[in-house]
$ cat protein_23.txt   # compact mmCIF, C-alpha atoms
# COMPACT_ATOMS: atom_id res chain seq x y z
CA MET A 1 59.95 -73.59 -6.00
CA ARG A 2 58.17 -73.94 -9.33
CA ASN A 3 54.44 -73.77 -9.67
CA ARG A 4 51.82 -74.35 -12.35
CA VAL A 5 49.58 -71.41 -11.52
CA ARG A 6 50.17 -69.53 -14.77
CA GLU A 7 49.83 -72.70 -16.82
CA GLN A 8 46.56 -73.71 -15.14
CA ARG A 9 45.18 -70.18 -15.28
CA THR A 10 45.83 -69.76 -18.99
CA GLN A 11 44.43 -73.23 -19.71
CA ARG A 12 41.17 -72.13 -18.14
CA GLY A 13 41.22 -68.79 -19.93
CA LEU A 14 41.28 -66.75 -16.74
CA SER A 15 42.88 -63.37 -16.33
CA GLN A 16 45.12 -62.66 -13.35
CA ALA A 17 42.45 -60.33 -11.97
CA GLU A 18 39.76 -63.01 -12.24
CA LEU A 19 41.93 -65.58 -10.51
CA ALA A 20 42.83 -63.06 -7.81
CA ALA A 21 39.15 -62.35 -7.18
CA ALA A 22 38.38 -66.07 -6.99
CA LEU A 23 41.22 -66.67 -4.52
CA GLY A 24 40.53 -63.56 -2.45
CA VAL A 25 43.95 -62.02 -2.99
CA SER A 26 45.24 -59.09 -4.99
CA ARG A 27 46.19 -59.23 -8.67
CA GLN A 28 49.73 -58.26 -7.66
CA THR A 29 49.96 -61.32 -5.42
CA VAL A 30 48.89 -63.61 -8.26
CA ILE A 31 51.64 -62.04 -10.41
CA SER A 32 54.18 -62.58 -7.62
CA ILE A 33 53.16 -66.21 -7.14
CA GLU A 34 53.25 -66.94 -10.87
CA SER A 35 56.70 -65.44 -11.21
CA GLY A 36 57.93 -67.37 -8.17
CA ARG A 37 58.82 -64.25 -6.23
CA TYR A 38 56.34 -65.07 -3.49
CA LEU A 39 55.67 -68.43 -1.86
CA PRO A 40 52.05 -68.52 -0.68
CA SER A 41 51.10 -69.60 2.82
CA LEU A 42 49.90 -73.18 3.29
CA PRO A 43 46.20 -72.17 3.45
CA LEU A 44 46.54 -70.13 0.25
CA ALA A 45 48.47 -72.95 -1.44
CA PHE A 46 45.59 -75.31 -0.62
CA THR A 47 43.05 -72.76 -1.86
CA ILE A 48 44.93 -72.44 -5.15
CA ALA A 49 45.28 -76.20 -5.58
CA ARG A 50 41.61 -76.82 -4.82
CA PHE A 51 40.56 -74.07 -7.20
CA PHE A 52 42.35 -75.88 -10.03
CA ASP A 53 41.26 -79.35 -8.83
CA LEU A 54 44.83 -80.39 -8.21
CA THR A 55 46.77 -81.46 -5.14
CA VAL A 56 49.26 -79.07 -3.57
CA ASP A 57 52.22 -81.22 -4.61
CA LYS A 58 50.99 -81.22 -8.20
CA MET A 59 50.57 -77.46 -8.10
CA PHE A 60 53.86 -76.61 -6.40
CA ASP A 61 57.06 -78.49 -7.16
CA PRO A 62 60.41 -78.00 -5.51
CA ASP A 63 63.16 -77.01 -7.94
CA ASP A 64 65.40 -79.76 -9.26
CA GLU A 65 68.32 -78.26 -7.35
CA GLU A 66 66.44 -78.49 -4.08
CA THR A 67 65.38 -82.09 -4.56
CA GLY A 68 68.78 -83.10 -5.88
CA ALA A 69 67.09 -84.86 -8.79
CA MET B 70 40.22 -50.45 16.32
CA MET B 71 37.99 -48.41 14.03
CA THR B 72 36.34 -51.60 12.82
CA PHE B 73 33.02 -49.75 12.59
CA LEU B 74 34.40 -47.75 9.66
CA PRO B 75 34.46 -48.96 6.05
CA LEU B 76 37.88 -50.41 5.16
CA ARG B 77 38.86 -47.58 2.86
CA LEU B 78 38.20 -44.96 5.54
CA ARG B 79 40.20 -46.59 8.35
CA LYS B 80 43.71 -45.39 7.47
CA PRO B 81 42.58 -41.86 6.55
CA ALA B 82 40.61 -41.70 9.82
CA MET B 83 43.62 -42.90 11.83
CA TYR B 84 45.90 -40.30 10.24
CA SER B 85 43.24 -37.62 10.69
CA LEU B 86 43.01 -38.42 14.38
CA ALA B 87 46.80 -38.31 14.77
CA GLY B 88 46.97 -35.04 12.83
CA LEU B 89 44.20 -33.49 14.91
CA LEU B 90 46.05 -34.43 18.09
CA PHE B 91 49.27 -32.95 16.70
CA ALA B 92 47.54 -29.74 15.64
CA GLY B 93 45.75 -29.58 18.99
CA ALA B 94 49.09 -29.93 20.77
CA TRP B 95 50.42 -26.87 18.94
CA LEU B 96 47.25 -24.97 19.77
CA ALA B 97 47.59 -25.93 23.44
CA HIS B 98 51.25 -24.92 23.27
CA GLY B 99 50.04 -21.43 22.45
CA GLY B 100 52.44 -18.51 22.44
CA ARG B 101 53.91 -17.25 19.22
CA LEU B 102 53.86 -20.69 17.59
CA TRP B 103 50.13 -21.40 17.88
CA TRP B 104 49.83 -20.87 14.10
CA VAL B 105 51.77 -24.12 13.47
CA SER B 106 48.49 -25.89 14.22
CA VAL B 107 46.99 -24.42 11.02
CA PRO B 108 49.52 -25.93 8.55
CA ALA B 109 49.44 -29.10 10.65
CA LEU B 110 45.69 -29.27 10.11
CA ILE B 111 46.00 -28.51 6.39
CA GLY B 112 48.69 -31.18 6.07
CA THR B 113 46.50 -33.67 7.90
CA VAL B 114 43.58 -33.08 5.55
CA ALA B 115 45.89 -33.39 2.52
CA ILE B 116 47.40 -36.67 3.78
CA ALA B 117 43.98 -38.12 4.65
CA ALA B 118 42.62 -37.19 1.21
CA ARG B 119 45.68 -38.68 -0.51
CA LEU B 120 45.33 -41.90 1.48
CA TYR B 121 41.65 -42.15 0.60
CA ARG B 122 42.40 -41.66 -3.10
CA LEU B 123 45.30 -44.12 -2.94
CA GLY B 124 43.04 -46.66 -1.22
CA GLY B 125 40.96 -46.89 -4.38
CA THR B 126 43.84 -47.83 -6.66
CA ASP B 127 44.75 -51.34 -7.79
CA THR B 128 48.27 -51.36 -6.36
CA ASP B 129 50.08 -52.78 -3.33
CA GLU B 130 50.19 -49.31 -1.81
CA GLY B 131 46.49 -48.88 -2.55
CA ALA B 132 45.66 -52.16 -0.82
CA ARG B 133 47.56 -51.10 2.29
CA ALA B 134 46.05 -47.62 2.28
CA GLY B 135 42.60 -49.13 1.80
CA SER B 136 43.09 -51.67 4.64
CA ARG B 137 42.45 -54.61 2.29
CA ALA B 138 45.99 -56.02 2.11
CA ASP B 139 46.26 -59.75 1.44
CA GLU B 140 48.84 -62.05 3.06
CA ARG B 141 51.75 -61.02 0.81
CA GLN B 142 51.01 -57.32 1.19
CA GLN B 143 50.71 -57.74 4.96
CA LEU B 144 54.02 -59.60 5.00
CA VAL B 145 55.73 -56.80 3.07
CA SER B 146 54.21 -54.26 5.44
CA MET B 147 55.33 -56.26 8.48
CA ARG B 148 58.90 -56.53 7.15
CA SER B 149 58.97 -52.79 6.53
CA ARG B 150 57.80 -52.11 10.07
CA ALA B 151 60.43 -54.51 11.42
CA LEU B 152 63.10 -52.67 9.43
CA ALA B 153 61.84 -49.32 10.72
CA CYS B 154 61.98 -50.64 14.29
CA ASN B 155 65.53 -51.92 13.76
CA LEU B 156 66.58 -48.53 12.42
CA ALA B 157 64.92 -46.81 15.38
CA ALA B 158 66.77 -49.06 17.82
CA VAL B 159 70.15 -48.58 16.13
CA THR B 160 69.63 -44.82 15.83
CA SER B 161 68.61 -44.62 19.49
CA PHE B 162 71.72 -46.52 20.53
CA ILE B 163 73.97 -44.24 18.46
CA GLY B 164 72.21 -41.16 19.83
CA LEU B 165 72.47 -42.41 23.40
CA THR B 166 76.18 -43.20 23.17
CA ALA B 167 76.86 -39.86 21.45
CA ALA B 168 74.91 -37.97 24.11
CA ILE B 169 76.80 -39.77 26.89
CA ALA B 170 80.15 -39.06 25.26
CA LEU B 171 79.27 -35.39 24.78
CA ARG B 172 77.80 -35.12 28.28
CA ALA B 173 74.67 -33.74 26.61
CA PRO B 174 71.42 -33.37 28.57
CA TRP B 175 69.34 -34.88 25.74
CA TRP B 176 70.37 -38.50 26.34
CA TRP B 177 67.12 -39.65 27.92
CA PRO B 178 64.80 -39.59 24.85
CA PHE B 179 67.24 -41.99 23.16
CA LEU B 180 67.22 -44.23 26.22
CA VAL B 181 63.42 -44.23 26.33
CA THR B 182 63.20 -45.12 22.63
CA LEU B 183 65.82 -47.85 23.04
CA LEU B 184 63.97 -49.32 26.03
CA ILE B 185 60.63 -49.23 24.22
CA THR B 186 62.02 -50.96 21.13
CA GLY B 187 63.86 -53.51 23.29
CA TYR B 188 60.89 -54.34 25.47
CA GLY B 189 58.65 -54.29 22.42
CA TYR B 190 60.87 -56.96 20.86
CA LEU B 191 60.77 -59.09 24.00
CA PHE B 192 57.01 -58.61 24.28
CA GLY B 193 56.68 -59.71 20.65
CA LEU B 194 58.72 -62.85 21.30
CA GLY B 195 56.46 -63.69 24.24
CA SER B 196 53.26 -62.90 22.36
CA PHE B 197 54.04 -64.60 19.08
CA GLY B 198 55.03 -68.01 20.36
CA VAL B 199 58.72 -68.33 21.22
CA ALA B 200 59.18 -70.80 24.12
CA GLU B 201 55.83 -72.47 23.54
CA GLU B 202 54.59 -74.46 26.46
CA GLY B 203 53.87 -78.10 25.88
CA THR B 204 55.18 -81.59 26.32
CA PRO B 205 57.49 -83.32 23.88
CA ASP B 206 56.22 -86.28 21.87
CA ASP B 207 58.04 -88.74 24.14
CA ALA B 208 55.94 -87.61 27.09
CA ASP B 209 52.93 -89.19 25.44
CA THR B 210 54.34 -92.63 26.27
CA GLU B 211 54.09 -91.90 29.99
CA SER B 212 50.31 -92.10 29.91
CA PRO B 213 49.41 -93.96 26.76
CA THR B 214 45.89 -93.65 25.54
CA GLN B 215 43.91 -96.83 26.11
CA PHE B 216 42.15 -97.93 22.99
CA PRO B 217 39.34 -100.45 23.19
CA VAL B 218 40.18 -103.79 21.65
CA GLY B 219 38.36 -104.10 18.41
CA SER B 220 36.19 -107.14 17.81

$ encode --input "protein_23.txt" --output "structure tokens"
Amino acid sequence: MRNRVREQRTQRGLSQAELAAALGVSRQTVISIESGRYLPSLPLAFTIARFFDLTVDKMFDPDDEETGA
Amino acid sequence: MMTFLPLRLRKPAMYSLAGLLFAGAWLAHGGRLWWVSVPALIGTVAIAARLYRLGGTDTDEGARAGSRADERQQLVSMRSRALACNLAAVTSFIGLTAAIALRAPWWWPFLVTLLITGYGYLFGLGSFGVAEEGTPDDADTESPTQFPVGS
């Protein structure tokens, strides 16, 4: 699962700690999500997408292998 | 439990309580080994202080020690506890079978631990939603909802 968290965060000039505070999670969790090591829960995925004014499917994309595309 | 305490104090308080009980048990034991309660108490204070200090750090361990773990940290903690429970169950089974084979009198603590972990697992399955009650989607057709005809 790919995501655009790092891309969106850097576009807005936010640090990982600032994003973590805004989302109500730890900085380590933001790092894990950005690196793809952790898939957030559905509520957190919605929180992230809403924070960046995007939809969940724009924020999180399945890998090409998974979609078979 | 302990919700009246600030988050950072909860884990240290819980360990302090456990340590006090442990030290008290040695004191109640009395005899020549009453003094074990003193290092137990010192160890308890040291662990509680370390947990409190750790709870202030910006790490995964700090978040858990400070009772402010987010969903990922809680998931990691839950997986670790599940692993610990699996190890306890396997160890208990090995201990029980070894004690039976050796005709040792210390078989029963292993049996108790094995029963607790086993029933704990079954209790967890019941509590966390396996075999949910409810009707399948098809059952809805048996008593269809009547919608008013729109004008």

$ residues_near_point --input "protein_23.txt" --point "(48.9, -64.9, -10.8)" --cutoff "12 Å" --atoms "all atoms listed in the file" --output "ChimeraX atom specification"
/A:3-10,14-40,48

$ atom_distance --input "protein_23.txt" --atom1 "CA of Trp104 in chain B" --atom2 "CA of Ala87 in chain B"
17.7 Å

$ interface_residues --input "protein_23.txt" --of "chain B" --to "chain A" --cutoff "12 Å" --atoms "all atoms listed in the file" --output "list in words"
Thr126, Asp127, Thr128, Asp129, Glu130, Gly131, Ala132, Arg133, Arg137, Ala138, Asp139, Glu140, Arg141, Gln142, Gln143, Leu144 and Val145 of chain B

$ atom_distance --input "protein_23.txt" --atom1 "CA of Val56 in chain A" --atom2 "CA of Leu42 in chain A"
9.1 Å

$ atom_distance --input "protein_23.txt" --atom1 "CA of Trp103 in chain B" --atom2 "CA of Ala82 in chain B"
23.8 Å

$ residues_around --input "protein_23.txt" --residues "range 107-113 of chain B" --least-positions-apart "2" --cutoff "8 Å" --atoms "all atoms listed in the file" --output "list in words"
Tyr84, Ser85, Gly88, Leu89, Phe91, Ala92, Trp104, Val105, Ala115, Ile116 and Ala117 of chain B
